$ cat entry29.txt   # compact mmCIF, C-alpha atoms
# COMPACT_ATOMS: atom_id res chain seq x y z
CA MET A 1 22.73 -22.18 -10.44
CA SER A 2 22.03 -22.78 -14.14
CA PHE A 3 20.90 -19.90 -16.34
CA PRO A 4 17.34 -21.24 -16.85
CA ARG A 5 16.86 -21.58 -13.08
CA LEU A 6 18.35 -18.13 -12.51
CA LEU A 7 15.99 -16.68 -15.12
CA ARG A 8 12.97 -18.37 -13.53
CA SER A 9 13.99 -17.01 -10.13
CA ALA A 10 14.63 -13.44 -11.28
CA ALA A 11 11.84 -13.21 -13.85
CA PRO A 12 8.99 -15.63 -13.15
CA PRO A 13 6.29 -14.96 -15.77
CA THR A 14 3.56 -14.29 -13.19
CA ALA A 15 5.69 -11.72 -11.35
CA VAL A 16 6.74 -9.99 -14.57
CA SER A 17 3.15 -9.81 -15.79
CA ALA A 18 1.98 -8.51 -12.38
CA GLY A 19 4.65 -5.81 -12.49
CA PHE A 20 3.66 -4.87 -16.02
CA LEU A 21 -0.04 -4.72 -15.09
CA ALA A 22 0.78 -2.55 -12.07
CA MET A 23 2.62 -0.07 -14.29
CA LEU A 24 0.00 -0.24 -17.04
CA ILE A 25 -2.93 0.42 -14.71
CA GLY A 26 -1.07 2.99 -12.64
CA VAL A 27 -0.15 5.10 -15.64
CA THR A 28 -3.15 4.77 -17.92
CA SER A 29 -5.69 5.34 -15.14
CA SER A 30 -4.44 8.84 -14.35
CA VAL A 31 -1.82 10.10 -16.79
CA ALA A 32 -4.38 12.48 -18.25
CA VAL A 33 -4.81 14.06 -14.81
CA VAL A 34 -1.04 14.55 -14.54
CA PHE A 35 -0.94 16.23 -17.94
CA THR A 36 -3.81 18.51 -16.90
CA ALA A 37 -2.00 19.47 -13.68
CA ALA A 38 1.22 20.27 -15.56
CA LYS A 39 -0.61 22.40 -18.11
CA ALA A 40 -2.41 24.28 -15.30
CA ALA A 41 1.01 25.53 -14.18
CA GLY A 42 1.87 26.56 -17.73
CA ALA A 43 4.21 23.65 -18.46
CA THR A 44 5.98 23.69 -21.81
CA SER A 45 6.24 20.56 -23.94
CA ALA A 46 9.73 19.93 -22.57
CA GLN A 47 8.56 20.37 -18.99
CA LEU A 48 5.61 18.04 -19.57
CA THR A 49 7.98 15.33 -20.76
CA SER A 50 10.21 16.06 -17.77
CA TRP A 51 7.27 15.46 -15.40
CA VAL A 52 6.79 11.99 -16.89
CA PHE A 53 10.54 11.39 -16.65
CA ALA A 54 10.76 12.44 -12.99
CA LEU A 55 7.67 10.52 -11.92
CA GLY A 56 8.65 7.37 -13.82
CA VAL A 57 12.23 7.37 -12.53
CA GLY A 58 11.12 8.21 -8.98
CA ILE A 59 8.58 5.39 -8.87
CA GLY A 60 11.00 2.99 -10.53
CA VAL A 61 13.84 3.71 -8.11
CA THR A 62 11.61 3.42 -5.03
CA CYS A 63 9.88 0.23 -6.22
CA VAL A 64 13.13 -1.57 -7.01
CA SER A 65 15.11 -0.42 -3.97
CA LEU A 66 12.37 -0.87 -1.37
CA SER A 67 11.20 -4.25 -2.70
CA LEU A 68 14.76 -5.60 -2.65
CA ARG A 69 15.57 -4.04 0.72
CA HIS A 70 12.49 -5.35 2.55
CA ARG A 71 11.82 -8.50 0.48
CA ALA A 72 8.20 -7.41 0.09
CA PRO A 73 6.24 -6.15 -2.94
CA ILE A 74 6.62 -2.44 -2.18
CA VAL A 75 4.97 -0.62 -5.06
CA THR A 76 4.86 3.16 -5.22
CA ALA A 77 2.87 5.53 -7.42
CA TRP A 78 2.28 9.17 -8.08
CA SER A 79 -0.46 10.84 -6.08
CA THR A 80 -3.52 10.82 -8.33
CA PRO A 81 -5.64 12.85 -5.86
CA GLY A 82 -2.66 15.17 -5.59
CA ALA A 83 -2.59 15.60 -9.37
CA ALA A 84 -6.32 16.34 -9.33
CA LEU A 85 -5.75 18.95 -6.63
CA LEU A 86 -2.95 20.53 -8.67
CA ALA A 87 -5.10 20.58 -11.80
CA THR A 88 -7.40 23.07 -10.09
CA GLY A 89 -4.97 24.69 -7.65
CA LEU A 90 -2.11 25.67 -9.96
CA HIS A 91 -3.99 28.16 -12.12
CA GLY A 92 -2.16 31.47 -11.88
CA VAL A 93 0.85 29.79 -10.21
CA THR A 94 4.22 29.77 -11.95
CA MET A 95 6.06 26.52 -12.48
CA ALA A 96 8.82 27.69 -10.11
CA GLN A 97 6.28 28.34 -7.35
CA ALA A 98 4.67 24.96 -8.02
CA VAL A 99 8.06 23.28 -7.58
CA GLY A 100 8.42 25.04 -4.22
CA ALA A 101 5.11 23.48 -3.15
CA PHE A 102 6.31 20.04 -4.33
CA LEU A 103 9.45 20.44 -2.21
CA LEU A 104 7.44 21.34 0.88
CA SER A 105 5.20 18.28 0.47
CA GLY A 106 8.22 16.00 -0.02
CA VAL A 107 9.99 17.34 3.07
CA LEU A 108 6.85 16.88 5.18
CA ILE A 109 6.60 13.26 4.05
CA VAL A 110 10.22 12.74 5.12
CA VAL A 111 9.40 14.26 8.51
CA SER A 112 6.42 11.88 8.82
CA GLY A 113 8.75 8.95 8.23
CA VAL A 114 11.53 10.13 10.53
CA THR A 115 9.21 10.90 13.45
CA GLY A 116 7.17 7.71 13.01
CA TRP A 117 3.83 9.36 13.86
CA PHE A 118 2.04 7.96 10.79
CA GLU A 119 3.17 4.39 11.51
CA ARG A 120 2.00 4.65 15.12
CA ILE A 121 -1.46 5.64 13.92
CA MET A 122 -1.60 2.81 11.37
CA ASN A 123 -0.53 0.20 13.94
CA ARG A 124 -3.58 1.06 16.07
CA ILE A 125 -6.07 0.45 13.27
CA PRO A 126 -7.75 -3.01 13.54
CA VAL A 127 -7.00 -5.36 10.64
CA PRO A 128 -10.69 -5.79 9.62
CA LEU A 129 -11.06 -2.03 9.20
CA ALA A 130 -7.88 -1.83 7.13
CA SER A 131 -9.12 -4.74 4.99
CA ALA A 132 -12.51 -3.05 4.54
CA LEU A 133 -10.72 0.12 3.50
CA LEU A 134 -8.79 -1.79 0.85
CA ALA A 135 -11.93 -3.57 -0.39
CA GLY A 136 -13.71 -0.23 -0.70
CA VAL A 137 -10.84 1.23 -2.74
CA LEU A 138 -10.76 -1.76 -5.10
CA LEU A 139 -14.50 -2.34 -5.40
CA GLN A 140 -14.99 0.13 -8.24
CA PHE A 141 -12.40 -1.70 -10.33
CA GLY A 142 -14.19 -5.00 -9.81
CA THR A 143 -17.57 -3.60 -10.84
CA GLU A 144 -16.01 -1.73 -13.77
CA LEU A 145 -15.09 -5.09 -15.33
CA PHE A 146 -18.78 -5.92 -15.71
CA THR A 147 -19.71 -2.38 -16.68
CA GLN A 148 -17.32 -2.72 -19.61
CA MET A 149 -19.18 -5.86 -20.71
CA GLU A 150 -22.16 -3.63 -21.43
CA ARG A 151 -20.14 -0.83 -23.01
CA ASP A 152 -17.68 -2.93 -25.00
CA GLY A 153 -18.60 -6.58 -24.65
CA LEU A 154 -16.45 -7.69 -27.59
CA ILE A 155 -13.38 -6.86 -25.48
CA ALA A 156 -14.43 -7.42 -21.86
CA VAL A 157 -16.34 -10.69 -22.36
CA PRO A 158 -13.49 -12.56 -24.13
CA MET A 159 -11.11 -11.37 -21.41
CA PHE A 160 -13.36 -12.68 -18.64
CA LEU A 161 -13.94 -15.99 -20.42
CA ALA A 162 -10.19 -16.39 -20.98
CA TYR A 163 -9.67 -15.75 -17.27
CA LEU A 164 -12.23 -18.43 -16.30
CA VAL A 165 -10.64 -20.94 -18.66
CA GLY A 166 -7.25 -20.04 -17.23
CA ARG A 167 -8.46 -20.55 -13.66
CA ARG A 168 -9.50 -24.07 -14.67
CA TRP A 169 -6.50 -25.14 -16.72
CA PHE A 170 -3.57 -22.82 -15.90
CA PRO A 171 -4.46 -20.83 -12.74
CA ARG A 172 -1.02 -19.23 -12.31
CA TYR A 173 -1.29 -17.60 -15.75
CA ALA A 174 -5.03 -16.86 -15.82
CA VAL A 175 -4.52 -13.08 -15.67
CA VAL A 176 -1.85 -13.23 -18.37
CA GLY A 177 -4.25 -15.21 -20.54
CA ALA A 178 -6.95 -12.58 -20.02
CA LEU A 179 -4.52 -9.82 -21.05
CA VAL A 180 -3.53 -11.72 -24.21
CA ALA A 181 -7.21 -12.21 -25.07
CA GLY A 182 -7.88 -8.50 -24.52
CA VAL A 183 -4.97 -7.40 -26.71
CA ALA A 184 -6.11 -9.77 -29.45
CA ALA A 185 -9.69 -8.50 -29.25
CA THR A 186 -8.68 -4.83 -29.37
CA ALA A 187 -6.28 -5.46 -32.26
CA TRP A 188 -9.03 -7.25 -34.18
CA GLN A 189 -11.36 -4.31 -33.55
CA GLY A 190 -8.72 -1.75 -34.50
CA SER A 191 -9.25 0.10 -31.20
CA TRP A 192 -5.65 1.27 -30.81
CA LYS A 193 -4.92 4.91 -31.69
CA LEU A 194 -1.35 4.73 -32.95
CA ASP A 195 -1.09 7.87 -35.07
CA GLY A 196 2.01 10.01 -34.54
CA PHE A 197 4.27 7.41 -32.94
CA GLU A 198 7.86 8.57 -32.41
CA LEU A 199 10.49 6.86 -30.26
CA ALA A 200 12.61 9.29 -28.23
CA LEU A 201 14.38 9.45 -24.89
CA ALA A 202 13.13 11.96 -22.33
CA ALA A 203 15.25 14.96 -21.34
CA PRO A 204 14.84 16.24 -17.75
CA ALA A 205 14.14 19.97 -17.45
CA PHE A 206 15.28 21.61 -14.19
CA VAL A 207 13.14 24.37 -12.71
CA ARG A 208 14.60 26.51 -9.94
CA PRO A 209 12.08 26.59 -7.09
CA GLU A 210 10.50 29.75 -5.74
CA PHE A 211 8.82 29.88 -2.35
CA SER A 212 5.60 31.85 -2.06
CA TRP A 213 3.90 31.44 1.32
CA GLN A 214 0.50 31.69 -0.35
CA VAL A 215 1.34 28.80 -2.70
CA LEU A 216 3.01 26.79 0.08
CA VAL A 217 -0.09 27.06 2.26
CA GLY A 218 -2.64 26.84 -0.54
CA VAL A 219 -0.99 24.05 -2.57
CA GLY A 220 1.94 22.47 -0.67
CA LEU A 221 0.12 21.66 2.58
CA PRO A 222 -3.04 20.32 0.89
CA LEU A 223 -0.88 18.21 -1.45
CA PHE A 224 0.85 16.66 1.57
CA ALA A 225 -2.46 16.03 3.39
CA VAL A 226 -4.12 14.45 0.37
CA THR A 227 -1.10 12.25 -0.36
CA MET A 228 -0.96 10.93 3.20
CA ALA A 229 -4.70 10.44 3.75
CA SER A 230 -5.81 9.29 0.31
CA GLN A 231 -2.73 7.39 -0.87
CA ASN A 232 -0.28 6.32 1.83
CA LEU A 233 -3.04 5.22 4.20
CA PRO A 234 -4.61 2.63 1.84
CA GLY A 235 -1.12 1.73 0.63
CA VAL A 236 -0.22 0.56 4.14
CA ALA A 237 -3.56 -1.28 4.34
CA VAL A 238 -2.61 -3.29 1.23
CA LEU A 239 0.66 -4.46 2.77
CA ARG A 240 -0.96 -5.35 6.08
CA ASN A 241 -3.81 -7.19 4.38
CA ALA A 242 -1.32 -9.27 2.38
CA GLY A 243 0.47 -10.26 5.60
CA TYR A 244 3.57 -8.05 5.27
CA THR A 245 4.71 -6.35 8.47
CA THR A 246 7.24 -4.10 6.76
CA PRO A 247 8.00 -0.99 8.87
CA VAL A 248 6.15 1.97 7.42
CA SER A 249 8.38 4.83 8.55
CA PRO A 250 11.43 3.89 6.41
CA LEU A 251 9.15 3.59 3.38
CA LEU A 252 7.80 7.09 3.91
CA THR A 253 11.27 8.51 4.55
CA TRP A 254 12.65 7.06 1.32
CA THR A 255 9.68 8.00 -0.90
CA GLY A 256 9.69 11.52 0.57
CA ALA A 257 13.43 11.88 0.00
CA VAL A 258 13.24 10.76 -3.64
CA ASN A 259 10.23 13.03 -4.13
CA THR A 260 12.21 15.99 -2.77
CA VAL A 261 15.26 15.32 -4.97
CA LEU A 262 13.20 15.01 -8.15
CA ALA A 263 10.72 17.82 -7.39
CA PRO A 264 12.59 20.42 -9.51
CA PHE A 265 12.10 18.13 -12.52
CA GLY A 266 8.34 17.74 -11.99
CA CYS A 267 7.95 14.98 -9.39
CA PHE A 268 5.00 16.43 -7.48
CA GLY A 269 4.12 13.48 -5.23
CA LEU A 270 5.34 9.92 -4.59
CA ASN A 271 3.49 7.61 -2.24
CA LEU A 272 2.79 3.98 -1.44
CA ALA A 273 0.45 2.49 -4.04
CA ALA A 274 -2.79 0.73 -3.15
CA ILE A 275 -4.51 -0.62 -6.26
CA THR A 276 -1.35 -1.51 -8.17
CA ALA A 277 0.31 -2.83 -5.01
CA ALA A 278 -2.63 -5.19 -4.55
CA ILE A 279 -1.82 -6.74 -7.94
CA CYS A 280 1.80 -7.41 -6.95
CA SER A 281 1.00 -8.70 -3.45
CA GLY A 282 -1.65 -11.27 -4.43
CA GLU A 283 -1.39 -14.94 -5.38
CA THR A 284 -1.48 -14.11 -9.08
CA ALA A 285 1.94 -12.45 -8.71
CA HIS A 286 3.55 -15.53 -7.16
CA PRO A 287 2.24 -18.52 -5.17
CA ASP A 288 4.94 -17.98 -2.53
CA PRO A 289 4.42 -14.75 -0.52
CA ARG A 290 8.17 -14.62 0.19
CA LYS A 291 8.91 -14.25 -3.51
CA ARG A 292 6.25 -11.70 -4.47
CA TYR A 293 8.76 -8.92 -3.96
CA VAL A 294 10.03 -9.79 -7.45
CA ALA A 295 6.76 -8.40 -8.84
CA GLY A 296 7.49 -5.11 -7.08
CA VAL A 297 10.95 -5.05 -8.64
CA TRP A 298 9.56 -5.63 -12.12
CA ALA A 299 6.95 -2.92 -11.61
CA GLY A 300 9.86 -0.60 -10.88
CA VAL A 301 11.70 -1.71 -14.01
CA PHE A 302 8.68 -0.95 -16.19
CA TYR A 303 8.21 2.44 -14.50
CA LEU A 304 11.85 3.24 -15.20
CA LEU A 305 11.19 2.57 -18.89
CA VAL A 306 8.21 4.93 -18.72
CA GLY A 307 10.46 7.62 -17.28
CA LEU A 308 13.35 7.11 -19.68
CA PHE A 309 11.15 7.22 -22.75
CA GLY A 310 8.96 9.94 -21.29
CA GLY A 311 6.50 11.33 -23.78
CA THR A 312 6.70 8.32 -26.12
CA VAL A 313 5.56 5.82 -23.48
CA GLY A 314 2.99 8.21 -22.10
CA TRP A 315 1.53 8.64 -25.57
CA LEU A 316 1.52 4.87 -26.17
CA LEU A 317 -0.28 4.13 -22.92
CA THR A 318 -2.93 6.76 -23.55
CA ALA A 319 -3.50 5.17 -26.97
CA MET A 320 -4.69 1.93 -25.33
CA PRO A 321 -8.45 1.23 -25.44
CA PRO A 322 -10.08 2.01 -22.04
CA ALA A 323 -11.97 -1.30 -22.05
CA LEU A 324 -8.67 -3.20 -22.10
CA VAL A 325 -7.19 -1.26 -19.19
CA LEU A 326 -10.32 -1.33 -17.02
CA GLY A 327 -11.08 -4.94 -17.84
CA ILE A 328 -7.64 -6.28 -16.92
CA ALA A 329 -7.62 -4.16 -13.76
CA GLY A 330 -10.87 -5.74 -12.58
CA ILE A 331 -9.70 -9.26 -13.40
CA GLY A 332 -6.29 -8.78 -11.78
CA LEU A 333 -7.89 -7.58 -8.54
CA LEU A 334 -10.61 -10.23 -8.10
CA GLY A 335 -8.55 -12.34 -5.71
CA THR A 336 -7.47 -9.37 -3.60
CA ILE A 337 -11.05 -8.09 -3.31
CA GLY A 338 -12.19 -11.52 -2.12
CA SER A 339 -9.46 -11.88 0.50
CA SER A 340 -10.04 -8.32 1.73
CA LEU A 341 -13.76 -8.95 2.24
CA THR A 342 -13.00 -12.18 4.10
CA SER A 343 -10.61 -10.42 6.49
CA ALA A 344 -13.00 -7.50 6.95
CA LEU A 345 -15.98 -9.62 8.00
CA VAL A 346 -14.36 -12.43 9.98
CA ASP A 347 -14.67 -10.73 13.42
CA GLU A 348 -18.32 -10.34 14.46
CA ARG A 349 -17.58 -7.48 16.86
CA LEU A 350 -15.88 -5.47 14.10
CA ARG A 351 -18.24 -6.47 11.30
CA GLU A 352 -20.47 -3.39 11.42
CA PRO A 353 -17.56 -0.88 11.60
CA ALA A 354 -15.92 -2.76 8.73
CA VAL A 355 -19.08 -2.55 6.61
CA VAL A 356 -19.34 1.18 7.34
CA THR A 357 -15.70 1.62 6.31
CA LEU A 358 -16.27 -0.37 3.13
CA LEU A 359 -19.38 1.54 2.06
CA ALA A 360 -18.03 4.99 2.90
CA THR A 361 -14.77 4.30 1.07
CA ALA A 362 -16.51 2.85 -1.99
CA SER A 363 -18.87 5.86 -2.12
CA GLY A 364 -16.16 8.17 -3.44
CA LEU A 365 -16.99 10.84 -0.85
CA THR A 366 -14.65 13.85 -1.01
CA LEU A 367 -14.64 16.66 1.57
CA PHE A 368 -12.14 19.54 1.85
CA GLY A 369 -10.16 18.01 -1.01
CA ILE A 370 -9.55 14.76 0.94
CA GLY A 371 -10.76 11.53 -0.64
CA SER A 372 -13.04 8.78 0.60
CA THR A 373 -10.25 6.55 1.96
CA PHE A 374 -9.70 8.91 4.88
CA TRP A 375 -13.40 9.53 5.52
CA GLY A 376 -14.22 5.83 5.20
CA LEU A 377 -11.65 4.88 7.80
CA LEU A 378 -12.76 7.73 10.06
CA ALA A 379 -16.40 6.59 9.80
CA GLY A 380 -15.40 3.03 10.66
CA VAL A 381 -13.31 4.08 13.66
CA VAL A 382 -16.13 6.28 14.99
CA THR A 383 -18.62 3.43 14.53
CA LEU A 384 -16.30 1.08 16.41
CA ALA A 385 -15.76 3.57 19.24
CA VAL A 386 -19.49 4.26 19.67
CA GLY A 387 -20.27 0.53 19.60
CA ASP A 388 -17.62 -0.21 22.25
CA VAL A 389 -18.99 2.54 24.51
CA ALA A 390 -22.52 1.19 24.10
CA ARG A 391 -21.43 -2.37 24.92
CA ARG A 392 -19.53 -1.27 28.02
CA SER A 393 -22.56 0.71 29.20
CA ARG A 394 -24.87 -2.29 28.76
CA ARG A 395 -22.45 -4.60 30.59
CA LYS A 396 -22.14 -2.11 33.42
CA ALA A 397 -25.93 -1.93 33.71
CA GLY A 398 -26.15 -5.72 33.71
CA GLU A 399 -28.14 -5.81 30.48
CA GLU A 400 -25.65 -7.78 28.45
CA PRO A 401 -23.12 -10.44 29.51
CA HIS A 402 -19.58 -9.92 28.37
CA ARG A 403 -18.63 -12.09 25.39
CA GLU A 404 -14.94 -12.68 24.95
CA THR A 405 -13.79 -11.55 21.50
CA ALA A 406 -11.20 -13.33 19.41
CA GLU A 407 -8.67 -10.57 20.13
CA GLU A 408 -9.29 -10.80 23.90
CA ALA A 409 -8.96 -14.59 23.81
CA LYS A 410 -5.69 -14.31 21.93
CA ALA A 411 -4.36 -11.77 24.43
CA ARG A 412 -5.38 -14.05 27.31
$ encode --input "entry29.txt" --output "structure tokens"
Amino acid sequence: MSFPRLLRSAAPPTAVSAGFLAMLIGVTSSVAVVFTAAKAAGATSAQLTSWVFALGVGIGVTCVSLSLRHRAPIVTAWSTPGAALLATGLHGVTMAQAVGAFLLSGVLIVVSGVTGWFERIMNRIPVPLASALLAGVLLQFGTELFTQMERDGLIAVPMFLAYLVGRRWFPRYAVVGALVAGVAATAWQGSWKLDGFELALAAPAFVRPEFSWQVLVGVGLPLFAVTMASQNLPGVAVLRNAGYTTPVSPLLTWTGAVNTVLAPFGCFGLNLAAITAAICSGETAHPDPRKRYVAGVWAGVFYLLVGLFGGTVGWLLTAMPPALVLGIAGIGLLGTIGSSLTSALVDERLREPAVVTLLATASGLTLFGIGSTFWGLLAGVVTLAVGDVARRSRRKAGEEPHRETAEEAKAR
């Protein structure tokens, strides 16, 4: 194979740009929450940089290894809800005790993967409900694109117009064109905050863990629950919605193991990504679903750079104008939102439960520290169960003839 062909195979522009967008959105959308969580535990400047190092390296290693192993765009991320929980739960907790809680959460994720209980639950969830869950998670990013047109139209509008032109003339690179237009618009406006730039490699800082049962119960267990319900659950939904049947248990085992190894350096929670995984698993990443795993690999490469350069990259990403980040996120997810809605509403019997799942997930409801993804899916499952009971009761009473569903016809 010639070098140009090898380069096109290993680094197709659409896959590289999808991987870069996944990293960009994943980091900029929540890095401030991570910094807040670290400071709540009294992190020093060196430890703060070490957190970025551990999280970046952990995500990079899992993205690259899992995408290559399963030939699917497996994208991981840090637990944003987990970071939010830590930001309020680590006050008065030492860094050593916090690391003990991180270790407990990582070990429990490994146990979830080894036992397979989480995968068994996910395999019983109907595809329309999983698609509705994904659409609900992504909906806010789609609407944020148009919200930014009101707040900062000189950035968001050119990006959207560039995307529309790209869809007409160069559809495979439409998202890349929108990103270029956004960077040009922000540079023209002078929106970048580049004061204090300094290039430096990150140095990991080891913290010996301490185990306090109060912290393990009050922080470690909730961190595990939030990571599984609010992050891994929609992450699996993304893969299923994109048509990938990758076994879930090995993914959990590997992410939990890497999380556990890097916990003493500040890796508080690794999980399957949802929003950024949707970017790498859609048509904009690669027209051939069998080759979209390359986007997952490139996402891992960019995350590794974030980890290796630690504080420098974190500072650079936080210097980016919010309108650019939010705008490109909305544009990059348009196709995935559309396909998710189509899958969610295709089955008439499951349409109402899917709509309930979509609305409850998009609402942002949070109860007991658990986000709307869990409650949205729970609401949809309950709606489905109640509807099935009602239909069976009507058929038994002779009030309603039985209509064969698509799933029943397929089984027959």
$ closest_residue --input "entry29.txt" --among "A:Val261, A:Val301, A:Val215, A:Leu333" --to "A:Ala101" --atoms "all atoms listed in the file"
A:Val215
$ closest_residue --input "entry29.txt" --among "A:Pro264, A:Pro287, A:Pro222, A:Gly190" --to "A:Phe206" --atoms "only C-alpha atoms"
A:Pro264
$ atom_distance --input "entry29.txt" --atom1 "atom CA of A:Ala242" --atom2 "atom CA of A:Thr383"
24.7 Å
$ closest_residue --input "entry29.txt" --among "A:Val57, A:Leu251, A:Glu210, A:Trp78" --to "A:Gly113" --atoms "only C-alpha atoms"
A:Leu251
$ residues_around --input "entry29.txt" --residues "A:Val306" --least-positions-apart "3" --cutoff "12 Å" --atoms "all atoms listed in the file" --output "ChimeraX atom specification"
/A:20,23-24,26-28,31,49-60,199-202,299-303,309-317
$ residues_around --input "entry29.txt" --residues "stretch 343-346 of chain A" --least-positions-apart "3" --cutoff "7 Å" --atoms "all atoms listed in the file" --output "number ranges by chain"
A: 128-129, 131-132, 339-340, 351, 354
$ closest_residue --input "entry29.txt" --among "A:Arg240, A:Arg167, A:His286, A:His91" --to "A:Ser17" --atoms "only C-alpha atoms"
A:His286
$ atom_distance --input "entry29.txt" --atom1 "atom CA of A:Ala174" --atom2 "atom CA of A:Pro289"
18.1 Å
$ atom_distance --input "entry29.txt" --atom1 "atom CA of A:Ser191" --atom2 "atom CA of A:Ala273"
28.9 Å
$ closest_residue --input "entry29.txt" --among "A:Leu48, A:Ile337, A:Asn232, A:Leu350" --to "A:Ala385" --atoms "only C-alpha atoms"
A:Leu350
$ residues_near_point --input "entry29.txt" --point "(-17.4, 4.1, 16.4)" --cutoff "12 Å" --atoms "all atoms listed in the file" --output "ChimeraX atom specification"
/A:129,349-357,376-391
$ residues_around --input "entry29.txt" --residues "A:Met95" --least-positions-apart "3" --cutoff "10 Å" --atoms "all atoms listed in the file" --output "PyMOL selection string"
chain A and resi 38-44+47+90+92+98-101+207-210+264+266
$ residues_around --input "entry29.txt" --residues "A:Pro171" --least-positions-apart "3" --cutoff "12 Å" --atoms "all atoms listed in the file" --output "list in words"
Thr14, Ala162, Tyr163, Leu164, Val165, Gly166, Arg167, Arg168, Ala174, Val175, Val176, Gly177, Ala178, Glu283, Thr284, Ala285, His286, Pro287 and Gly335 of chain A
$ closest_residue --input "entry29.txt" --among "A:Phe35, A:Trp298, A:Phe170, A:Phe268" --to "A:Leu223" --atoms "only C-alpha atoms"
A:Phe268
$ axis_aligned_box --input "entry29.txt" --around "stretch 172-180 of chain A" --padding-each-side "8 Å" --output "AutoDock Vina command-line options"
--center_x -4.0 --center_y -14.5 --center_z -18.3 --size_x 21.9 --size_y 25.4 --size_z 27.9
$ residues_around --input "entry29.txt" --residues "A:Val107" --least-positions-apart "5" --cutoff "8 Å" --atoms "only C-alpha atoms" --output "list in words"
Gly256, Ala257 and Thr260 of chain A
$ build_atoms --input "entry29.txt" --residues "stretch 34-39 of chain A" --atoms "all heavy atoms" --output "PDB file, in the coordinates of the input"
ATOM      1  N   VAL A  34      -2.388  13.978 -14.700  1.00  0.00           N
ATOM      2  CA  VAL A  34      -1.040  14.550 -14.540  1.00  0.00           C
ATOM      3  C   VAL A  34      -0.775  15.591 -15.610  1.00  0.00           C
ATOM      4  O   VAL A  34      -0.257  16.679 -15.332  1.00  0.00           O
ATOM      5  CB  VAL A  34       0.022  13.432 -14.588  1.00  0.00           C
ATOM      6  CG1 VAL A  34       1.425  14.030 -14.548  1.00  0.00           C
ATOM      7  CG2 VAL A  34      -0.158  12.467 -13.430  1.00  0.00           C
ATOM      8  N   PHE A  35      -1.134  15.277 -16.859  1.00  0.00           N
ATOM      9  CA  PHE A  35      -0.940  16.230 -17.940  1.00  0.00           C
ATOM     10  C   PHE A  35      -1.743  17.508 -17.698  1.00  0.00           C
ATOM     11  O   PHE A  35      -1.256  18.622 -17.928  1.00  0.00           O
ATOM     12  CB  PHE A  35      -1.375  15.609 -19.272  1.00  0.00           C
ATOM     13  CG  PHE A  35      -0.433  14.560 -19.788  1.00  0.00           C
ATOM     14  CD1 PHE A  35      -0.790  13.747 -20.860  1.00  0.00           C
ATOM     15  CD2 PHE A  35       0.806  14.360 -19.207  1.00  0.00           C
ATOM     16  CE1 PHE A  35       0.071  12.772 -21.325  1.00  0.00           C
ATOM     17  CE2 PHE A  35       1.680  13.385 -19.655  1.00  0.00           C
ATOM     18  CZ  PHE A  35       1.313  12.587 -20.734  1.00  0.00           C
ATOM     19  N   THR A  36      -2.963  17.352 -17.192  1.00  0.00           N
ATOM     20  CA  THR A  36      -3.810  18.510 -16.900  1.00  0.00           C
ATOM     21  C   THR A  36      -3.188  19.375 -15.807  1.00  0.00           C
ATOM     22  O   THR A  36      -3.188  20.609 -15.888  1.00  0.00           O
ATOM     23  CB  THR A  36      -5.208  18.064 -16.471  1.00  0.00           C
ATOM     24  OG1 THR A  36      -5.784  17.249 -17.497  1.00  0.00           O
ATOM     25  CG2 THR A  36      -6.120  19.258 -16.216  1.00  0.00           C
ATOM     26  N   ALA A  37      -2.638  18.730 -14.766  1.00  0.00           N
ATOM     27  CA  ALA A  37      -2.000  19.470 -13.680  1.00  0.00           C
ATOM     28  C   ALA A  37      -0.784  20.238 -14.181  1.00  0.00           C
ATOM     29  O   ALA A  37      -0.576  21.402 -13.819  1.00  0.00           O
ATOM     30  CB  ALA A  37      -1.594  18.503 -12.563  1.00  0.00           C
ATOM     31  N   ALA A  38       0.026  19.599 -15.029  1.00  0.00           N
ATOM     32  CA  ALA A  38       1.220  20.270 -15.560  1.00  0.00           C
ATOM     33  C   ALA A  38       0.836  21.469 -16.414  1.00  0.00           C
ATOM     34  O   ALA A  38       1.447  22.548 -16.323  1.00  0.00           O
ATOM     35  CB  ALA A  38       2.053  19.274 -16.365  1.00  0.00           C
ATOM     36  N   LYS A  39      -0.184  21.305 -17.236  1.00  0.00           N
ATOM     37  CA  LYS A  39      -0.610  22.400 -18.110  1.00  0.00           C
ATOM     38  C   LYS A  39      -1.220  23.552 -17.301  1.00  0.00           C
ATOM     39  O   LYS A  39      -1.129  24.715 -17.694  1.00  0.00           O
ATOM     40  CB  LYS A  39      -1.605  21.882 -19.132  1.00  0.00           C
ATOM     41  CG  LYS A  39      -0.967  20.957 -20.163  1.00  0.00           C
ATOM     42  CD  LYS A  39      -1.998  20.409 -21.138  1.00  0.00           C
ATOM     43  CE  LYS A  39      -1.335  19.484 -22.156  1.00  0.00           C
ATOM     44  NZ  LYS A  39      -2.324  18.882 -23.088  1.00  0.00           N
TER      45      LYS A  39
END
